[in-house]
>>> print(open('target-v5.tsv').read())   # TSV, N, CA and C atoms
chain	number	residue	atom	x	y	z
A	88	MET	N	1.03	-25.58	-14.36
A	88	MET	CA	0.10	-24.96	-15.30
A	88	MET	C	-0.11	-25.92	-16.47
A	89	ASN	N	-1.34	-26.06	-16.83
A	89	ASN	CA	-1.71	-26.90	-17.94
A	89	ASN	C	-1.09	-26.33	-19.23
A	90	MET	N	-0.63	-27.19	-20.12
A	90	MET	CA	0.02	-26.76	-21.37
A	90	MET	C	-0.91	-25.88	-22.21
A	91	ILE	N	-2.18	-26.22	-22.23
A	91	ILE	CA	-3.13	-25.46	-23.03
A	91	ILE	C	-3.27	-24.03	-22.50
A	92	HIS	N	-3.12	-23.85	-21.18
A	92	HIS	CA	-3.24	-22.52	-20.58
A	92	HIS	C	-2.03	-21.64	-20.86
A	93	LYS	N	-0.97	-22.21	-21.39
A	93	LYS	CA	0.15	-21.39	-21.83
A	93	LYS	C	-0.18	-20.70	-23.15
A	94	ILE	N	-1.11	-21.30	-23.90
A	94	ILE	CA	-1.52	-20.74	-25.19
A	94	ILE	C	-2.83	-19.96	-25.04
A	95	ILE	N	-3.78	-20.55	-24.34
A	95	ILE	CA	-5.12	-19.97	-24.20
A	95	ILE	C	-5.34	-19.61	-22.73
A	96	TYR	N	-5.91	-18.44	-22.49
A	96	TYR	CA	-6.22	-18.04	-21.11
A	96	TYR	C	-7.27	-18.95	-20.50
A	97	PRO	N	-7.14	-19.22	-19.18
A	97	PRO	CA	-8.25	-19.88	-18.49
A	97	PRO	C	-9.41	-18.87	-18.34
A	98	CYS	N	-10.59	-19.35	-18.06
A	98	CYS	CA	-11.78	-18.48	-17.99
A	98	CYS	C	-11.59	-17.29	-17.04
A	99	GLU	N	-11.05	-17.53	-15.88
A	99	GLU	CA	-10.88	-16.47	-14.88
A	99	GLU	C	-10.04	-15.32	-15.42
A	100	LYS	N	-8.93	-15.66	-16.06
A	100	LYS	CA	-8.04	-14.63	-16.60
A	100	LYS	C	-8.66	-13.95	-17.82
A	101	ALA	N	-9.35	-14.71	-18.65
A	101	ALA	CA	-9.99	-14.14	-19.84
A	101	ALA	C	-11.05	-13.13	-19.45
A	102	THR	N	-11.90	-13.48	-18.47
A	102	THR	CA	-12.95	-12.54	-18.06
A	102	THR	C	-12.36	-11.30	-17.41
A	103	ARG	N	-11.29	-11.46	-16.64
A	103	ARG	CA	-10.64	-10.30	-16.02
A	103	ARG	C	-10.12	-9.35	-17.10
A	104	HIS	N	-9.49	-9.90	-18.14
A	104	HIS	CA	-8.98	-9.07	-19.23
A	104	HIS	C	-10.12	-8.43	-20.03
A	105	LEU	N	-11.22	-9.16	-20.18
A	105	LEU	CA	-12.38	-8.59	-20.89
A	105	LEU	C	-12.93	-7.38	-20.14
A	106	ILE	N	-12.99	-7.48	-18.83
A	106	ILE	CA	-13.47	-6.37	-18.01
A	106	ILE	C	-12.48	-5.20	-18.05
A	107	GLU	N	-11.21	-5.50	-17.95
A	107	GLU	CA	-10.18	-4.45	-17.92
A	107	GLU	C	-9.95	-3.81	-19.28
A	108	SER	N	-10.37	-4.46	-20.35
A	108	SER	CA	-10.04	-3.98	-21.70
A	108	SER	C	-10.59	-2.59	-22.00
A	109	ASP	N	-11.62	-2.15	-21.27
A	109	ASP	CA	-12.14	-0.79	-21.46
A	109	ASP	C	-11.21	0.25	-20.85
A	110	ASP	N	-10.51	-0.13	-19.80
A	110	ASP	CA	-9.67	0.82	-19.07
A	110	ASP	C	-8.18	0.71	-19.38
A	111	VAL	N	-7.75	-0.48	-19.75
A	111	VAL	CA	-6.33	-0.75	-19.97
A	111	VAL	C	-6.12	-1.24	-21.40
A	112	LYS	N	-5.09	-0.74	-22.05
A	112	LYS	CA	-4.78	-1.20	-23.41
A	112	LYS	C	-4.11	-2.57	-23.33
A	113	LEU	N	-4.73	-3.54	-24.00
A	113	LEU	CA	-4.19	-4.89	-24.02
A	113	LEU	C	-3.15	-5.03	-25.13
A	114	THR	N	-2.19	-5.90	-24.91
A	114	THR	CA	-1.19	-6.16	-25.94
A	114	THR	C	-1.82	-7.01	-27.05
A	115	SER	N	-1.17	-7.07	-28.17
A	115	SER	CA	-1.66	-7.88	-29.29
A	115	SER	C	-1.76	-9.34	-28.91
A	116	LEU	N	-0.80	-9.82	-28.15
A	116	LEU	CA	-0.81	-11.22	-27.71
A	116	LEU	C	-2.00	-11.48	-26.78
A	117	GLN	N	-2.26	-10.55	-25.87
A	117	GLN	CA	-3.41	-10.71	-24.97
A	117	GLN	C	-4.71	-10.74	-25.76
A	118	LYS	N	-4.84	-9.85	-26.71
A	118	LYS	CA	-6.05	-9.81	-27.54
A	118	LYS	C	-6.22	-11.13	-28.30
A	119	LEU	N	-5.14	-11.65	-28.85
A	119	LEU	CA	-5.18	-12.91	-29.59
A	119	LEU	C	-5.60	-14.05	-28.67
A	120	ARG	N	-5.01	-14.12	-27.49
A	120	ARG	CA	-5.34	-15.19	-26.55
A	120	ARG	C	-6.80	-15.12	-26.12
A	121	ILE	N	-7.31	-13.89	-25.95
A	121	ILE	CA	-8.72	-13.73	-25.60
A	121	ILE	C	-9.61	-14.18	-26.75
A	122	ARG	N	-9.26	-13.78	-27.97
A	122	ARG	CA	-10.06	-14.19	-29.15
A	122	ARG	C	-10.13	-15.70	-29.27
A	123	ILE	N	-8.98	-16.35	-29.10
A	123	ILE	CA	-8.95	-17.82	-29.19
A	123	ILE	C	-9.82	-18.42	-28.09
A	124	HIS	N	-9.71	-17.85	-26.88
A	124	HIS	CA	-10.51	-18.36	-25.77
A	124	HIS	C	-12.00	-18.21	-26.07
A	125	LEU	N	-12.40	-17.06	-26.62
A	125	LEU	CA	-13.81	-16.82	-26.90
A	125	LEU	C	-14.36	-17.73	-28.00
A	126	ILE	N	-13.50	-18.14	-28.92
A	126	ILE	CA	-13.92	-19.09	-29.96
A	126	ILE	C	-14.26	-20.44	-29.33
A	127	ILE	N	-13.49	-20.82	-28.33
A	127	ILE	CA	-13.65	-22.13	-27.71
A	127	ILE	C	-14.70	-22.12	-26.60
A	128	CYS	N	-14.75	-21.06	-25.81
A	128	CYS	CA	-15.57	-21.03	-24.59
A	128	CYS	C	-16.85	-20.23	-24.80
A	129	LYS	N	-17.96	-20.91	-24.86
A	129	LYS	CA	-19.26	-20.26	-25.07
A	129	LYS	C	-19.70	-19.48	-23.83
A	130	ASN	N	-19.32	-19.94	-22.63
A	130	ASN	CA	-19.70	-19.22	-21.41
A	130	ASN	C	-19.04	-17.85	-21.35
A	131	CYS	N	-17.77	-17.78	-21.68
A	131	CYS	CA	-17.08	-16.49	-21.67
A	131	CYS	C	-17.57	-15.59	-22.80
A	132	THR	N	-17.95	-16.19	-23.92
A	132	THR	CA	-18.53	-15.42	-25.01
A	132	THR	C	-19.83	-14.77	-24.55
A	133	ARG	N	-20.66	-15.55	-23.86
A	133	ARG	CA	-21.92	-15.04	-23.32
A	133	ARG	C	-21.64	-13.93	-22.30
A	134	PHE	N	-20.65	-14.17	-21.42
A	134	PHE	CA	-20.26	-13.16	-20.43
A	134	PHE	C	-19.83	-11.87	-21.12
A	135	ASN	N	-19.04	-11.98	-22.17
A	135	ASN	CA	-18.55	-10.81	-22.89
A	135	ASN	C	-19.71	-10.01	-23.50
A	136	ILE	N	-20.67	-10.70	-24.08
A	136	ILE	CA	-21.85	-10.03	-24.66
A	136	ILE	C	-22.64	-9.32	-23.57
A	137	GLN	N	-22.86	-10.00	-22.45
A	137	GLN	CA	-23.61	-9.39	-21.35
A	137	GLN	C	-22.86	-8.21	-20.74
A	138	ASN	N	-21.55	-8.34	-20.60
A	138	ASN	CA	-20.73	-7.26	-20.04
A	138	ASN	C	-20.77	-6.02	-20.93
A	139	LYS	N	-20.66	-6.23	-22.24
A	139	LYS	CA	-20.74	-5.10	-23.17
A	139	LYS	C	-22.12	-4.44	-23.12
A	140	TRP	N	-23.18	-5.26	-23.00
A	140	TRP	CA	-24.53	-4.73	-22.92
A	140	TRP	C	-24.70	-3.88	-21.66
A	141	MET	N	-24.19	-4.39	-20.52
A	141	MET	CA	-24.29	-3.63	-19.27
A	141	MET	C	-23.52	-2.32	-19.35
A	142	ASP	N	-22.31	-2.34	-19.91
A	142	ASP	CA	-21.53	-1.11	-20.09
A	142	ASP	C	-22.30	-0.10	-20.93
A	143	LYS	N	-22.92	-0.58	-22.00
A	143	LYS	CA	-23.70	0.30	-22.88
A	143	LYS	C	-24.87	0.92	-22.13
A	144	GLN	N	-25.57	0.12	-21.31
A	144	GLN	CA	-26.70	0.62	-20.55
A	144	GLN	C	-26.27	1.65	-19.50
A	145	ILE	N	-25.15	1.40	-18.85
A	145	ILE	CA	-24.63	2.33	-17.84
A	145	ILE	C	-24.27	3.65	-18.50
A	146	LYS	N	-23.59	3.59	-19.64
A	146	LYS	CA	-23.24	4.82	-20.36
A	146	LYS	C	-24.48	5.57	-20.81
A	147	LYS	N	-25.49	4.83	-21.26
A	147	LYS	CA	-26.74	5.43	-21.70
A	147	LYS	C	-27.44	6.13	-20.54
A	148	LEU	N	-27.47	5.48	-19.38
A	148	LEU	CA	-28.09	6.07	-18.20
A	148	LEU	C	-27.35	7.33	-17.74
A	149	SER	N	-26.04	7.26	-17.73
A	149	SER	CA	-25.27	8.43	-17.28
A	149	SER	C	-25.42	9.58	-18.27
A	150	PHE	N	-25.56	9.29	-19.57
A	150	PHE	CA	-25.76	10.33	-20.57
A	150	PHE	C	-27.13	10.97	-20.40
A	151	GLU	N	-28.15	10.13	-20.19
A	151	GLU	CA	-29.51	10.65	-20.01
A	151	GLU	C	-29.62	11.52	-18.76
A	152	SER	N	-28.99	11.09	-17.68
A	152	SER	CA	-29.08	11.87	-16.44
A	152	SER	C	-28.31	13.18	-16.54
A	153	SER	N	-27.26	13.22	-17.35
A	153	SER	CA	-26.50	14.46	-17.51
A	153	SER	C	-27.25	15.47	-18.37
A	154	ASN	N	-28.23	15.01	-19.15
A	154	ASN	CA	-29.00	15.90	-20.01
A	154	ASN	C	-30.30	16.38	-19.37
A	155	GLU	N	-30.56	15.95	-18.14
A	155	GLU	CA	-31.79	16.38	-17.48
A	155	GLU	C	-31.70	17.87	-17.14
A	156	LYS	N	-32.82	18.52	-17.25
A	156	LYS	CA	-32.90	19.96	-16.98
A	156	LYS	C	-33.27	20.17	-15.51
A	157	MET	N	-32.67	21.19	-14.93
A	157	MET	CA	-32.98	21.54	-13.56
A	157	MET	C	-34.26	22.39	-13.54
A	158	GLU	N	-35.12	22.13	-12.58
A	158	GLU	CA	-36.36	22.88	-12.46
A	158	GLU	C	-36.06	24.32	-12.07
A	159	ASP	N	-36.95	25.23	-12.47
A	159	ASP	CA	-36.76	26.65	-12.21
A	159	ASP	C	-36.68	26.96	-10.71
A	160	CYS	N	-37.49	26.26	-9.90
A	160	CYS	CA	-37.46	26.53	-8.46
A	160	CYS	C	-36.09	26.18	-7.87
A	161	CYS	N	-35.46	25.13	-8.38
A	161	CYS	CA	-34.12	24.74	-7.91
A	161	CYS	C	-33.09	25.79	-8.32
A	162	LYS	N	-33.20	26.24	-9.57
A	162	LYS	CA	-32.28	27.29	-10.05
A	162	LYS	C	-32.41	28.54	-9.19
A	163	GLU	N	-33.65	28.91	-8.88
A	163	GLU	CA	-33.91	30.10	-8.07
A	163	GLU	C	-33.32	29.96	-6.68
A	164	ARG	N	-33.51	28.79	-6.08
A	164	ARG	CA	-32.99	28.53	-4.73
A	164	ARG	C	-31.46	28.60	-4.72
A	165	ILE	N	-30.82	28.06	-5.73
A	165	ILE	CA	-29.36	28.10	-5.82
A	165	ILE	C	-28.88	29.54	-6.02
A	166	ALA	N	-29.58	30.27	-6.91
A	166	ALA	CA	-29.20	31.67	-7.17
A	166	ALA	C	-29.34	32.51	-5.91
A	167	ASN	N	-30.41	32.32	-5.15
A	167	ASN	CA	-30.60	33.06	-3.90
A	167	ASN	C	-29.53	32.72	-2.88
A	168	ALA	N	-29.19	31.44	-2.79
A	168	ALA	CA	-28.15	31.02	-1.85
A	168	ALA	C	-26.80	31.63	-2.23
A	169	LEU	N	-26.50	31.68	-3.51
A	169	LEU	CA	-25.25	32.29	-3.97
A	169	LEU	C	-25.21	33.78	-3.69
A	170	LYS	N	-26.32	34.46	-3.96
A	170	LYS	CA	-26.39	35.90	-3.68
A	170	LYS	C	-26.19	36.18	-2.21
A	171	LYS	N	-26.85	35.36	-1.39
A	171	LYS	CA	-26.74	35.51	0.05
A	171	LYS	C	-25.29	35.29	0.51
A	172	GLU	N	-24.63	34.31	-0.06
A	172	GLU	CA	-23.24	34.00	0.27
A	172	GLU	C	-22.32	35.14	-0.16
A	173	ILE	N	-22.56	35.67	-1.33
A	173	ILE	CA	-21.71	36.76	-1.86
A	173	ILE	C	-21.87	38.02	-1.01
A	174	ASN	N	-23.09	38.31	-0.60
A	174	ASN	CA	-23.37	39.53	0.15
A	174	ASN	C	-22.94	39.46	1.62
A	175	SER	N	-22.67	38.29	2.13
A	175	SER	CA	-22.30	38.22	3.54
A	175	SER	C	-20.81	38.27	3.76
>>> encode(input="target-v5.tsv", output="structure tokens")
Amino acid sequence: MNMIHKIIYPCEKATRHLIESDDVKLTSLQKLRIRIHLIICKNCTRFNIQNKWMDKQIKKLSFESSNEKMEDCCKERIANALKKEINS
């Protein structure tokens, strides 16, 4: 292992931690190593910006779709199917 990689993450590891950081709590040392890497590596900085943007768009889409209203004909069809199921 290169001496510099003992201090700073290589790109592969940095991007993996950036992706996982939404789901897994990173240690202070991991956060520091990622910050240092992002200061030095413009490609990973760009990746991080794009990744955050995509996450934001996905959350926005899932929020919008959860707020959509069901049409009355669909509600009626579901209600009739439930009544039919209950009565049988």
>>> atom_distance(input="target-v5.tsv", atom1="atom N of Ile94 in chain A", atom2="atom N of Lys112 in chain A")
21.0 Å
>>> select_by_dssp(input="target-v5.tsv", residues="chain A", states="helix (DSSP H, G or I)", output="VMD selection string")
chain A and resid 90 to 94 98 to 107 115 to 127 129 to 153 159 to 174
>>> atom_distance(input="target-v5.tsv", atom1="CA of Ile95 in chain A", atom2="CA of Ile121 in chain A")
7.3 Å
>>> residues_around(input="target-v5.tsv", residues="Tyr96 in chain A", least_positions_apart="4", cutoff="6.5 Å", atoms="all atoms listed in the file", output="PyMOL selection string")
chain A and resi 91-92+100-101+120-121+124
>>> residues_around(input="target-v5.tsv", residues="Cys98 in chain A", least_positions_apart="5", cutoff="8 Å", atoms="all atoms listed in the file", output="list in words")
Arg103, His104, His124 and Cys131 of chain A
>>> atom_distance(input="target-v5.tsv", atom1="CA of Pro97 in chain A", atom2="atom N of Arg122 in chain A")
11.3 Å
>>> closest_residue(input="target-v5.tsv", among="A:Thr102, A:Lys170, A:Asn89, A:Cys160", to="Phe134 in chain A", atoms="all atoms listed in the file")
A:Thr102
>>> axis_aligned_box(input="target-v5.tsv", around="range 99-108 of chain A", padding_each_side="8 Å", output="lines of an AutoDock Vina configuration file")
center_x = -10.8
center_y = -10.1
center_z = -18.4
size_x = 21.4
size_y = 30.9
size_z = 23.1
